[in-house]
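Asker: So here's target_1.cif, just mmCIF, N, CA and C atoms:
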```
data_input
loop_
_atom_site.label_atom_id
_atom_site.label_comp_id
_atom_site.auth_asym_id
_atom_site.auth_seq_id
_atom_site.Cartn_x
_atom_site.Cartn_y
_atom_site.Cartn_z
N MET A 1 81.28 27.83 152.10
CA MET A 1 80.65 29.12 151.93
C MET A 1 79.55 28.99 150.89
N LYS A 2 78.38 29.52 151.23
CA LYS A 2 77.26 29.50 150.28
C LYS A 2 77.34 30.75 149.40
N THR A 3 77.02 30.57 148.13
CA THR A 3 77.02 31.68 147.18
C THR A 3 75.60 31.92 146.69
N TYR A 4 75.19 33.18 146.70
CA TYR A 4 73.86 33.56 146.23
C TYR A 4 74.01 34.56 145.10
N THR A 5 73.35 34.26 143.97
CA THR A 5 73.47 35.10 142.79
C THR A 5 72.16 35.76 142.37
N LYS A 6 71.10 35.55 143.16
CA LYS A 6 69.83 36.21 142.84
C LYS A 6 68.91 36.20 144.05
N VAL A 7 67.95 37.10 144.01
CA VAL A 7 66.89 37.14 145.01
C VAL A 7 65.73 36.35 144.41
N LEU A 8 65.30 35.29 145.11
CA LEU A 8 64.24 34.41 144.60
C LEU A 8 62.86 35.03 144.73
N GLY A 9 62.67 35.85 145.74
CA GLY A 9 61.37 36.45 146.01
C GLY A 9 61.42 37.09 147.38
N PHE A 10 60.24 37.34 147.95
CA PHE A 10 60.17 38.02 149.23
C PHE A 10 59.22 37.30 150.16
N ALA A 11 59.59 37.25 151.44
CA ALA A 11 58.80 36.54 152.44
C ALA A 11 57.38 37.08 152.55
N SER A 12 57.17 38.32 152.17
CA SER A 12 55.84 38.92 152.23
C SER A 12 54.90 38.41 151.15
N ASP A 13 55.43 37.73 150.15
CA ASP A 13 54.62 37.19 149.05
C ASP A 13 53.88 35.95 149.53
N PRO A 14 52.55 35.93 149.41
CA PRO A 14 51.75 34.78 149.89
C PRO A 14 52.17 33.42 149.31
N LYS A 15 52.75 33.41 148.11
CA LYS A 15 53.12 32.12 147.51
C LYS A 15 54.25 31.43 148.27
N TRP A 16 55.02 32.18 149.07
CA TRP A 16 56.12 31.60 149.84
C TRP A 16 55.72 31.32 151.29
N ALA A 17 54.64 31.90 151.75
CA ALA A 17 54.28 31.91 153.18
C ALA A 17 54.20 30.53 153.81
N ASP A 18 53.48 29.59 153.21
CA ASP A 18 53.31 28.26 153.81
C ASP A 18 54.64 27.54 153.96
N HIS A 19 55.44 27.59 152.91
CA HIS A 19 56.73 26.89 152.96
C HIS A 19 57.65 27.50 154.02
N LEU A 20 57.72 28.83 154.07
CA LEU A 20 58.55 29.50 155.06
C LEU A 20 58.04 29.24 156.48
N HIS A 21 56.73 29.21 156.65
CA HIS A 21 56.14 28.94 157.96
C HIS A 21 56.56 27.56 158.46
N LYS A 22 56.52 26.59 157.56
CA LYS A 22 56.94 25.22 157.91
C LYS A 22 58.41 25.18 158.31
N LEU A 23 59.26 25.86 157.54
CA LEU A 23 60.69 25.87 157.83
C LEU A 23 61.01 26.58 159.15
N VAL A 24 60.25 27.61 159.49
CA VAL A 24 60.45 28.30 160.76
C VAL A 24 60.24 27.32 161.91
N HIS A 25 59.14 26.54 161.84
CA HIS A 25 58.84 25.59 162.90
C HIS A 25 59.86 24.46 162.99
N GLU A 26 60.51 24.16 161.89
CA GLU A 26 61.54 23.11 161.87
C GLU A 26 62.92 23.67 162.20
N GLY A 27 63.01 24.97 162.38
CA GLY A 27 64.31 25.60 162.69
C GLY A 27 65.27 25.58 161.52
N LYS A 28 64.73 25.63 160.31
CA LYS A 28 65.56 25.52 159.12
C LYS A 28 65.67 26.81 158.32
N ILE A 29 65.44 27.93 158.99
CA ILE A 29 65.64 29.22 158.33
C ILE A 29 66.83 29.90 158.97
N GLU A 30 67.71 30.40 158.12
CA GLU A 30 68.83 31.20 158.57
C GLU A 30 68.57 32.63 158.11
N TYR A 31 68.87 33.58 158.98
CA TYR A 31 68.66 34.99 158.65
C TYR A 31 70.00 35.66 158.42
N LEU A 32 70.08 36.37 157.33
CA LEU A 32 71.26 37.15 157.00
C LEU A 32 70.96 38.58 157.46
N LEU A 33 71.57 38.98 158.57
CA LEU A 33 71.31 40.29 159.16
C LEU A 33 72.14 41.35 158.47
N LEU A 34 71.47 42.32 157.85
CA LEU A 34 72.16 43.36 157.11
C LEU A 34 71.71 44.74 157.56
N GLY A 35 72.65 45.65 157.62
CA GLY A 35 72.34 47.05 157.84
C GLY A 35 72.01 47.70 156.51
N GLU A 36 71.51 48.91 156.59
CA GLU A 36 71.10 49.61 155.38
C GLU A 36 72.25 49.81 154.40
N ASP A 37 73.45 50.07 154.90
CA ASP A 37 74.59 50.29 154.02
C ASP A 37 74.97 49.02 153.25
N ASP A 38 74.92 47.86 153.91
CA ASP A 38 75.23 46.60 153.22
C ASP A 38 74.12 46.21 152.24
N ALA A 39 72.89 46.54 152.57
CA ALA A 39 71.77 46.18 151.71
C ALA A 39 71.85 46.88 150.35
N LEU A 40 72.55 47.99 150.28
CA LEU A 40 72.69 48.72 149.02
C LEU A 40 73.72 48.08 148.10
N ARG A 41 74.56 47.23 148.65
CA ARG A 41 75.62 46.60 147.88
C ARG A 41 75.09 45.44 147.05
N LYS A 42 75.77 45.12 145.99
CA LYS A 42 75.40 43.99 145.13
C LYS A 42 76.36 42.82 145.30
N ARG A 43 77.50 43.10 145.90
CA ARG A 43 78.50 42.07 146.17
C ARG A 43 79.01 42.27 147.59
N LEU A 44 78.91 41.20 148.39
CA LEU A 44 79.41 41.28 149.75
C LEU A 44 79.55 39.90 150.35
N ARG A 45 80.31 39.84 151.43
CA ARG A 45 80.43 38.63 152.25
C ARG A 45 79.78 38.94 153.58
N ALA A 46 79.07 37.94 154.11
CA ALA A 46 78.39 38.13 155.39
C ALA A 46 78.16 36.76 156.02
N LYS A 47 77.74 36.78 157.29
CA LYS A 47 77.41 35.55 158.01
C LYS A 47 75.95 35.59 158.44
N THR A 48 75.32 34.43 158.42
CA THR A 48 73.95 34.34 158.89
C THR A 48 73.93 34.30 160.41
N ASP A 49 72.73 34.34 160.96
CA ASP A 49 72.59 34.27 162.42
C ASP A 49 73.06 32.93 162.97
N LYS A 50 73.20 31.92 162.12
CA LYS A 50 73.69 30.61 162.56
C LYS A 50 75.16 30.39 162.20
N GLY A 51 75.81 31.45 161.71
CA GLY A 51 77.24 31.39 161.44
C GLY A 51 77.65 30.92 160.06
N THR A 52 76.71 30.68 159.17
CA THR A 52 77.04 30.25 157.81
C THR A 52 77.62 31.43 157.03
N GLU A 53 78.80 31.23 156.44
CA GLU A 53 79.40 32.28 155.63
C GLU A 53 78.74 32.31 154.26
N CYS A 54 78.45 33.53 153.81
CA CYS A 54 77.75 33.71 152.54
C CYS A 54 78.50 34.69 151.65
N LEU A 55 78.47 34.41 150.38
CA LEU A 55 78.99 35.31 149.37
C LEU A 55 77.79 35.71 148.52
N ILE A 56 77.54 37.00 148.42
CA ILE A 56 76.40 37.48 147.64
C ILE A 56 76.94 38.24 146.45
N ALA A 57 76.45 37.87 145.27
CA ALA A 57 76.80 38.54 144.02
C ALA A 57 75.54 38.57 143.17
N ILE A 58 74.71 39.59 143.40
CA ILE A 58 73.42 39.66 142.72
C ILE A 58 73.44 40.70 141.61
N PRO A 59 72.54 40.54 140.62
CA PRO A 59 72.46 41.52 139.54
C PRO A 59 72.01 42.89 140.05
N ARG A 60 72.28 43.92 139.26
CA ARG A 60 71.93 45.29 139.65
C ARG A 60 70.44 45.49 139.87
N ASP A 61 69.61 44.75 139.17
CA ASP A 61 68.17 44.95 139.30
C ASP A 61 67.55 44.19 140.48
N HIS A 62 68.35 43.47 141.25
CA HIS A 62 67.87 42.77 142.45
C HIS A 62 68.19 43.63 143.67
N LYS A 63 67.31 43.55 144.68
CA LYS A 63 67.52 44.36 145.88
C LYS A 63 67.52 43.49 147.12
N LEU A 64 68.47 43.76 148.00
CA LEU A 64 68.53 43.09 149.30
C LEU A 64 67.72 43.94 150.28
N THR A 65 66.48 43.55 150.50
CA THR A 65 65.61 44.26 151.42
C THR A 65 65.11 43.28 152.47
N ASP A 66 64.43 43.79 153.47
CA ASP A 66 63.90 42.94 154.53
C ASP A 66 62.98 41.90 153.92
N GLY A 67 63.25 40.63 154.19
CA GLY A 67 62.43 39.54 153.69
C GLY A 67 62.86 38.97 152.35
N ALA A 68 63.95 39.47 151.79
CA ALA A 68 64.44 38.92 150.51
C ALA A 68 64.88 37.47 150.73
N ILE A 69 64.39 36.59 149.89
CA ILE A 69 64.71 35.16 150.00
C ILE A 69 65.87 34.85 149.06
N LEU A 70 66.96 34.32 149.64
CA LEU A 70 68.14 33.98 148.84
C LEU A 70 68.21 32.49 148.56
N GLU A 71 67.58 31.70 149.41
CA GLU A 71 67.59 30.25 149.25
C GLU A 71 66.27 29.72 149.79
N LEU A 72 65.67 28.77 149.06
CA LEU A 72 64.43 28.16 149.53
C LEU A 72 64.35 26.75 148.98
N GLY A 73 64.29 25.82 149.89
CA GLY A 73 64.21 24.40 149.56
C GLY A 73 63.98 23.66 150.84
N ASP A 74 64.88 22.72 151.18
CA ASP A 74 64.79 22.02 152.47
C ASP A 74 65.13 22.96 153.62
N SER A 75 65.77 24.06 153.30
CA SER A 75 66.08 25.11 154.26
C SER A 75 65.94 26.44 153.52
N ALA A 76 66.09 27.53 154.25
CA ALA A 76 65.95 28.84 153.61
C ALA A 76 66.95 29.82 154.21
N THR A 77 67.33 30.79 153.39
CA THR A 77 68.13 31.91 153.85
C THR A 77 67.36 33.17 153.46
N VAL A 78 67.06 33.98 154.48
CA VAL A 78 66.23 35.17 154.29
C VAL A 78 66.96 36.38 154.87
N VAL A 79 66.91 37.48 154.15
CA VAL A 79 67.52 38.73 154.62
C VAL A 79 66.62 39.36 155.68
N LYS A 80 67.26 39.80 156.76
CA LYS A 80 66.55 40.54 157.80
C LYS A 80 67.34 41.82 158.05
N MET A 81 66.66 42.94 157.89
CA MET A 81 67.32 44.22 158.06
C MET A 81 67.41 44.56 159.55
N THR A 82 68.57 45.04 159.95
CA THR A 82 68.74 45.49 161.32
C THR A 82 68.28 46.94 161.41
N ALA A 83 67.79 47.31 162.56
CA ALA A 83 67.33 48.69 162.75
C ALA A 83 68.53 49.62 162.72
N GLU A 84 68.39 50.69 161.99
CA GLU A 84 69.47 51.65 161.90
C GLU A 84 69.44 52.55 163.14
N ARG A 85 70.61 52.86 163.64
CA ARG A 85 70.72 53.71 164.82
C ARG A 85 71.11 55.12 164.38
N TRP A 86 70.55 56.11 165.06
CA TRP A 86 70.81 57.50 164.72
C TRP A 86 71.18 58.30 165.96
N LEU A 87 72.09 59.23 165.81
CA LEU A 87 72.46 60.17 166.85
C LEU A 87 71.85 61.52 166.46
N THR A 88 71.04 62.08 167.34
CA THR A 88 70.38 63.35 167.05
C THR A 88 71.15 64.48 167.72
N VAL A 89 71.49 65.49 166.92
CA VAL A 89 72.26 66.63 167.39
C VAL A 89 71.49 67.90 167.03
N GLU A 90 71.34 68.76 168.02
CA GLU A 90 70.62 70.03 167.82
C GLU A 90 71.60 71.19 167.88
N PRO A 91 71.68 71.98 166.81
CA PRO A 91 72.56 73.15 166.84
C PRO A 91 71.94 74.25 167.70
N ALA A 92 72.79 75.10 168.27
CA ALA A 92 72.33 76.17 169.15
C ALA A 92 71.62 77.29 168.38
N ASN A 93 72.06 77.53 167.14
CA ASN A 93 71.48 78.61 166.33
C ASN A 93 71.79 78.34 164.86
N GLN A 94 71.42 79.28 164.02
CA GLN A 94 71.61 79.08 162.58
C GLN A 94 73.09 78.99 162.19
N THR A 95 73.91 79.82 162.79
CA THR A 95 75.35 79.78 162.51
C THR A 95 75.94 78.44 162.93
N ALA A 96 75.56 77.97 164.10
CA ALA A 96 76.04 76.67 164.59
C ALA A 96 75.53 75.54 163.69
N ALA A 97 74.34 75.69 163.15
CA ALA A 97 73.78 74.67 162.25
C ALA A 97 74.63 74.54 160.99
N LEU A 98 75.07 75.68 160.46
CA LEU A 98 75.94 75.65 159.27
C LEU A 98 77.27 74.98 159.60
N GLU A 99 77.82 75.32 160.75
CA GLU A 99 79.09 74.72 161.16
C GLU A 99 78.95 73.22 161.39
N LEU A 100 77.85 72.83 162.04
CA LEU A 100 77.60 71.40 162.29
C LEU A 100 77.42 70.65 160.98
N GLY A 101 76.66 71.22 160.06
CA GLY A 101 76.46 70.58 158.75
C GLY A 101 77.75 70.44 157.97
N TYR A 102 78.58 71.49 158.00
CA TYR A 102 79.88 71.46 157.33
C TYR A 102 80.77 70.38 157.96
N PHE A 103 80.77 70.32 159.28
CA PHE A 103 81.56 69.35 160.03
C PHE A 103 81.16 67.92 159.65
N CYS A 104 79.86 67.64 159.66
CA CYS A 104 79.37 66.30 159.31
C CYS A 104 79.71 65.95 157.86
N GLY A 105 79.60 66.94 156.98
CA GLY A 105 79.92 66.71 155.57
C GLY A 105 81.39 66.39 155.35
N ASN A 106 82.26 67.10 156.07
CA ASN A 106 83.69 66.84 155.95
C ASN A 106 84.05 65.43 156.39
N LEU A 107 83.31 64.90 157.34
CA LEU A 107 83.56 63.53 157.83
C LEU A 107 82.82 62.49 157.00
N HIS A 108 82.09 62.94 156.00
CA HIS A 108 81.31 62.06 155.11
C HIS A 108 80.29 61.23 155.89
N TRP A 109 79.76 61.81 156.95
CA TRP A 109 78.72 61.13 157.71
C TRP A 109 77.42 61.21 156.95
N ARG A 110 76.69 60.11 156.99
CA ARG A 110 75.36 60.08 156.40
C ARG A 110 74.41 60.74 157.38
N VAL A 111 73.67 61.75 156.92
CA VAL A 111 72.79 62.49 157.82
C VAL A 111 71.40 62.61 157.20
N ARG A 112 70.47 62.96 158.06
CA ARG A 112 69.14 63.36 157.61
C ARG A 112 68.71 64.50 158.54
N PHE A 113 67.76 65.27 158.09
CA PHE A 113 67.35 66.44 158.84
C PHE A 113 65.94 66.22 159.39
N ARG A 114 65.76 66.54 160.67
CA ARG A 114 64.46 66.39 161.31
C ARG A 114 64.24 67.63 162.17
N GLN A 115 63.19 68.37 161.83
CA GLN A 115 62.87 69.63 162.53
C GLN A 115 64.12 70.50 162.59
N ASN A 116 64.58 70.86 163.75
CA ASN A 116 65.76 71.72 163.88
C ASN A 116 67.01 70.93 164.23
N CYS A 117 67.03 69.67 163.89
CA CYS A 117 68.15 68.79 164.28
C CYS A 117 68.75 68.10 163.06
N ILE A 118 69.98 67.64 163.26
CA ILE A 118 70.64 66.77 162.29
C ILE A 118 70.72 65.39 162.94
N GLU A 119 70.33 64.37 162.20
CA GLU A 119 70.47 63.00 162.68
C GLU A 119 71.60 62.35 161.90
N VAL A 120 72.55 61.78 162.63
CA VAL A 120 73.73 61.16 162.04
C VAL A 120 73.55 59.64 162.13
N ALA A 121 73.69 58.95 161.00
CA ALA A 121 73.61 57.49 160.99
C ALA A 121 74.83 56.92 161.70
N LEU A 122 74.59 56.08 162.69
CA LEU A 122 75.69 55.48 163.45
C LEU A 122 76.16 54.21 162.76
N GLU A 123 77.38 54.25 162.28
CA GLU A 123 77.96 53.09 161.61
C GLU A 123 79.12 52.54 162.43
N GLY A 124 79.08 52.84 163.71
CA GLY A 124 80.09 52.40 164.67
C GLY A 124 79.59 52.78 166.05
N PRO A 125 80.46 52.70 167.06
CA PRO A 125 80.04 53.06 168.42
C PRO A 125 79.63 54.53 168.52
N GLU A 126 78.54 54.79 169.21
CA GLU A 126 78.04 56.16 169.39
C GLU A 126 79.10 57.04 170.03
N GLU A 127 79.84 56.48 170.95
CA GLU A 127 80.88 57.24 171.66
C GLU A 127 81.91 57.83 170.70
N ASP A 128 82.24 57.11 169.61
CA ASP A 128 83.19 57.63 168.62
C ASP A 128 82.67 58.92 167.98
N TYR A 129 81.38 58.95 167.69
CA TYR A 129 80.77 60.14 167.08
C TYR A 129 80.75 61.29 168.07
N LEU A 130 80.40 60.98 169.32
CA LEU A 130 80.34 62.03 170.34
C LEU A 130 81.73 62.63 170.60
N GLN A 131 82.76 61.81 170.54
CA GLN A 131 84.13 62.32 170.71
C GLN A 131 84.48 63.29 169.59
N ARG A 132 84.08 62.95 168.37
CA ARG A 132 84.37 63.84 167.23
C ARG A 132 83.60 65.16 167.36
N LEU A 133 82.38 65.08 167.92
CA LEU A 133 81.55 66.27 168.08
C LEU A 133 81.89 67.10 169.32
N GLU A 134 82.77 66.59 170.16
CA GLU A 134 83.09 67.22 171.44
C GLU A 134 83.43 68.71 171.32
N PRO A 135 84.23 69.15 170.35
CA PRO A 135 84.52 70.59 170.27
C PRO A 135 83.25 71.45 170.10
N LEU A 136 82.30 70.98 169.32
CA LEU A 136 81.06 71.73 169.13
C LEU A 136 80.17 71.66 170.37
N ILE A 137 80.17 70.51 171.02
CA ILE A 137 79.36 70.34 172.22
C ILE A 137 79.95 71.15 173.38
N PHE A 138 81.27 71.12 173.52
CA PHE A 138 81.96 71.84 174.59
C PHE A 138 81.70 73.35 174.49
N CYS A 139 81.70 73.88 173.28
CA CYS A 139 81.47 75.32 173.06
C CYS A 139 79.98 75.67 173.03
N ARG A 140 79.16 74.68 173.28
CA ARG A 140 77.69 74.85 173.30
C ARG A 140 77.12 75.32 171.96
N LYS A 141 77.80 74.91 170.89
CA LYS A 141 77.28 75.19 169.56
C LYS A 141 76.28 74.11 169.14
N ALA A 142 76.37 72.96 169.81
CA ALA A 142 75.46 71.85 169.51
C ALA A 142 75.28 71.01 170.78
N LYS A 143 74.18 70.30 170.82
CA LYS A 143 73.96 69.39 171.94
C LYS A 143 73.31 68.12 171.43
N ARG A 144 73.62 67.04 172.11
CA ARG A 144 73.01 65.75 171.79
C ARG A 144 71.59 65.76 172.34
N VAL A 145 70.66 65.28 171.53
CA VAL A 145 69.27 65.16 171.97
C VAL A 145 69.00 63.69 172.21
N LYS A 146 68.67 63.34 173.44
CA LYS A 146 68.38 61.95 173.78
C LYS A 146 66.92 61.65 173.55
N ASN A 147 66.67 60.41 173.11
CA ASN A 147 65.28 59.94 172.88
C ASN A 147 64.49 60.94 172.04
N ALA A 148 65.05 61.29 170.89
CA ALA A 148 64.43 62.28 170.03
C ALA A 148 63.15 61.79 169.39
N ARG A 149 62.95 60.51 169.33
CA ARG A 149 61.76 59.99 168.64
C ARG A 149 60.66 59.72 169.58
#
```
What's the structure tokens form of this structure?
Answerer:
Amino acid sequence: MKTYTKVLGFASDPKWADHLHKLVHEGKIEYLLLGEDDALRKRLRAKTDKGTECLIAIPRDHKLTDGAILELGDSATVVKMTAERWLTVEPANQTAALELGYFCGNLHWRVRFRQNCIEVALEGPEEDYLQRLEPLIFCRKAKRVKNAR
């Protein structure tokens, strides 16, 4: 297991570009795929896209963001952020909006607001979220909005 205790820099920095470019062509870069929730953590275990197990224990002032370089030498390990998935739900009216917001809050779902909709961050299968929302959807207090973006 590889252990990383600091972020060396970022792939977007021109001083790293040539070396990273060379390693890409040699197939010597491993990407650590992280979701937004894991990127906020300072200590975690994860696997790279090539299956290497990693232990990350970075200081509070370091950030795991897209392009963060954890290792650079004969090979490299670079953080790659995965796209976050969102479920968009539109309440039928203002009363339903309050009920939907209360419901999402009770489940501790991470949400954001867009126009007249609530977007719920999917941290598991979408079907699980839809099952939980079924009572509101069945009563037509809320509806799923497909392709909201």
Asker: Which of these residues is nearest to Trp86 of chain A, using only C-alpha atoms: A:Glu53, A:Asp128, A:Glu123, A:Glu134?
Answerer: A:Glu123
Asker: Pull the neighbourhood of (63.9, 31.1, 149.9) for me: all residues within 8 Å in file coordinates, counting all atoms listed in the file, as a list of chain:residue names.
Answerer: A:Val7, A:Leu8, A:Gly9, A:Phe10, A:Ala11, A:Trp16, A:Leu20, A:Ala68, A:Ile69, A:Leu70, A:Glu71, A:Leu72, A:Gly73, A:Ser75, A:Ala76, A:Thr77, A:Val78
Asker: Would you output that residue set with N, CA and C atoms, as a compact mmCIF listing (two decimals), in the frame of the given file?
Answerer:
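In the end it all went to out_4.txt:
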```txt
# COMPACT_ATOMS: atom_id res chain seq x y z
N VAL A 7 67.95 37.10 144.01
CA VAL A 7 66.89 37.14 145.01
C VAL A 7 65.73 36.35 144.41
N LEU A 8 65.30 35.29 145.11
CA LEU A 8 64.24 34.41 144.60
C LEU A 8 62.86 35.03 144.73
N GLY A 9 62.67 35.85 145.74
CA GLY A 9 61.37 36.45 146.01
C GLY A 9 61.42 37.09 147.38
N PHE A 10 60.24 37.34 147.95
CA PHE A 10 60.17 38.02 149.23
C PHE A 10 59.22 37.30 150.16
N ALA A 11 59.59 37.25 151.44
CA ALA A 11 58.80 36.54 152.44
C ALA A 11 57.38 37.08 152.55
N TRP A 16 55.02 32.18 149.07
CA TRP A 16 56.12 31.60 149.84
C TRP A 16 55.72 31.32 151.29
N LEU A 20 57.72 28.83 154.07
CA LEU A 20 58.55 29.50 155.06
C LEU A 20 58.04 29.24 156.48
N ALA A 68 63.95 39.47 151.79
CA ALA A 68 64.44 38.92 150.51
C ALA A 68 64.88 37.47 150.73
N ILE A 69 64.39 36.59 149.89
CA ILE A 69 64.71 35.16 150.00
C ILE A 69 65.87 34.85 149.06
N LEU A 70 66.96 34.32 149.64
CA LEU A 70 68.14 33.98 148.84
C LEU A 70 68.21 32.49 148.56
N GLU A 71 67.58 31.70 149.41
CA GLU A 71 67.59 30.25 149.25
C GLU A 71 66.27 29.72 149.79
N LEU A 72 65.67 28.77 149.06
CA LEU A 72 64.43 28.16 149.53
C LEU A 72 64.35 26.75 148.98
N GLY A 73 64.29 25.82 149.89
CA GLY A 73 64.21 24.40 149.56
C GLY A 73 63.98 23.66 150.84
N SER A 75 65.77 24.06 153.30
CA SER A 75 66.08 25.11 154.26
C SER A 75 65.94 26.44 153.52
N ALA A 76 66.09 27.53 154.25
CA ALA A 76 65.95 28.84 153.61
C ALA A 76 66.95 29.82 154.21
N THR A 77 67.33 30.79 153.39
CA THR A 77 68.13 31.91 153.85
C THR A 77 67.36 33.17 153.46
N VAL A 78 67.06 33.98 154.48
CA VAL A 78 66.23 35.17 154.29
C VAL A 78 66.96 36.38 154.87
```
Asker: So how far away is atom C of Leu98 of chain A from atom N of Gln115 of chain A, in Å?
Answerer: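 Atom C of Leu98 of chain A lies 15.7 Å from atom N of Gln115 of chain A.
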Asker: Could you check how far atom CA of Leu44 of chain A sits from atom N of His62 of chain A, in Å to one decimal?
Answerer: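 Going from atom CA of Leu44 of chain A over to atom N of His62 of chain A, I get 14.1 Å.
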Asker: Starting from the displayed file, determine the output of the PyMOL selection byres (((chain A and resi 56 and name CA) around 7) and name CA) and express the residue list as a list of chain:residue names.
Answerer: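 Applying the PyMOL selection byres (((chain A and resi 56 and name CA) around 7) and name CA) to the structure shown produces A:Thr3, A:Tyr4, A:Thr5, A:Arg43, A:Leu44, A:Arg45, A:Cys54, A:Leu55, A:Ala57, A:Ile58.
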Asker: Where does the PyMOL selection byres (((chain A and resi 47 and name CA) around 10) and name CA) land in this file, that is, which residues does it pick, as a list in words?
Answerer: Met1, Lys2, Glu30, Tyr31, Leu32, Leu33, Leu34, Arg45, Ala46, Thr48, Asp49, Lys50, Gly51, Thr52, Glu53, Cys54 and Leu55 of chain A
Asker: For the structure shown, which residues end up in the PyMOL selection byres (((chain A and resi 89 and name CA) around 6) and name CA)? Put them as a PDB file with N, CA and C atoms, keeping the file's coordinate frame, please?
Answerer:
```pdb
ATOM      1  N   THR A  88      71.040  62.080 167.340  1.00  0.00           N
ATOM      2  CA  THR A  88      70.380  63.350 167.050  1.00  0.00           C
ATOM      3  C   THR A  88      71.150  64.480 167.720  1.00  0.00           C
ATOM      4  N   GLU A  90      71.340  68.760 168.020  1.00  0.00           N
ATOM      5  CA  GLU A  90      70.620  70.030 167.820  1.00  0.00           C
ATOM      6  C   GLU A  90      71.600  71.190 167.880  1.00  0.00           C
ATOM      7  N   CYS A 117      67.030  69.670 163.890  1.00  0.00           N
ATOM      8  CA  CYS A 117      68.150  68.790 164.280  1.00  0.00           C
ATOM      9  C   CYS A 117      68.750  68.100 163.060  1.00  0.00           C
ATOM     10  N   ILE A 118      69.980  67.640 163.260  1.00  0.00           N
ATOM     11  CA  ILE A 118      70.640  66.770 162.290  1.00  0.00           C
ATOM     12  C   ILE A 118      70.720  65.390 162.940  1.00  0.00           C
ATOM     13  N   LYS A 143      74.180  70.300 170.820  1.00  0.00           N
ATOM     14  CA  LYS A 143      73.960  69.390 171.940  1.00  0.00           C
ATOM     15  C   LYS A 143      73.310  68.120 171.430  1.00  0.00           C
ATOM     16  N   ARG A 144      73.620  67.040 172.110  1.00  0.00           N
ATOM     17  CA  ARG A 144      73.010  65.750 171.790  1.00  0.00           C
ATOM     18  C   ARG A 144      71.590  65.760 172.340  1.00  0.00           C
ATOM     19  N   VAL A 145      70.660  65.280 171.530  1.00  0.00           N
ATOM     20  CA  VAL A 145      69.270  65.160 171.970  1.00  0.00           C
ATOM     21  C   VAL A 145      69.000  63.690 172.210  1.00  0.00           C
TER      22      VAL A 145
END
```
Asker: Could you please determine the separation between atom CA of Asn116 of chain A and atom CA of Gln131 of chain A in Å, to one decimal place?
Answerer: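 Going from atom CA of Asn116 of chain A over to atom CA of Gln131 of chain A covers 21.7 Å.
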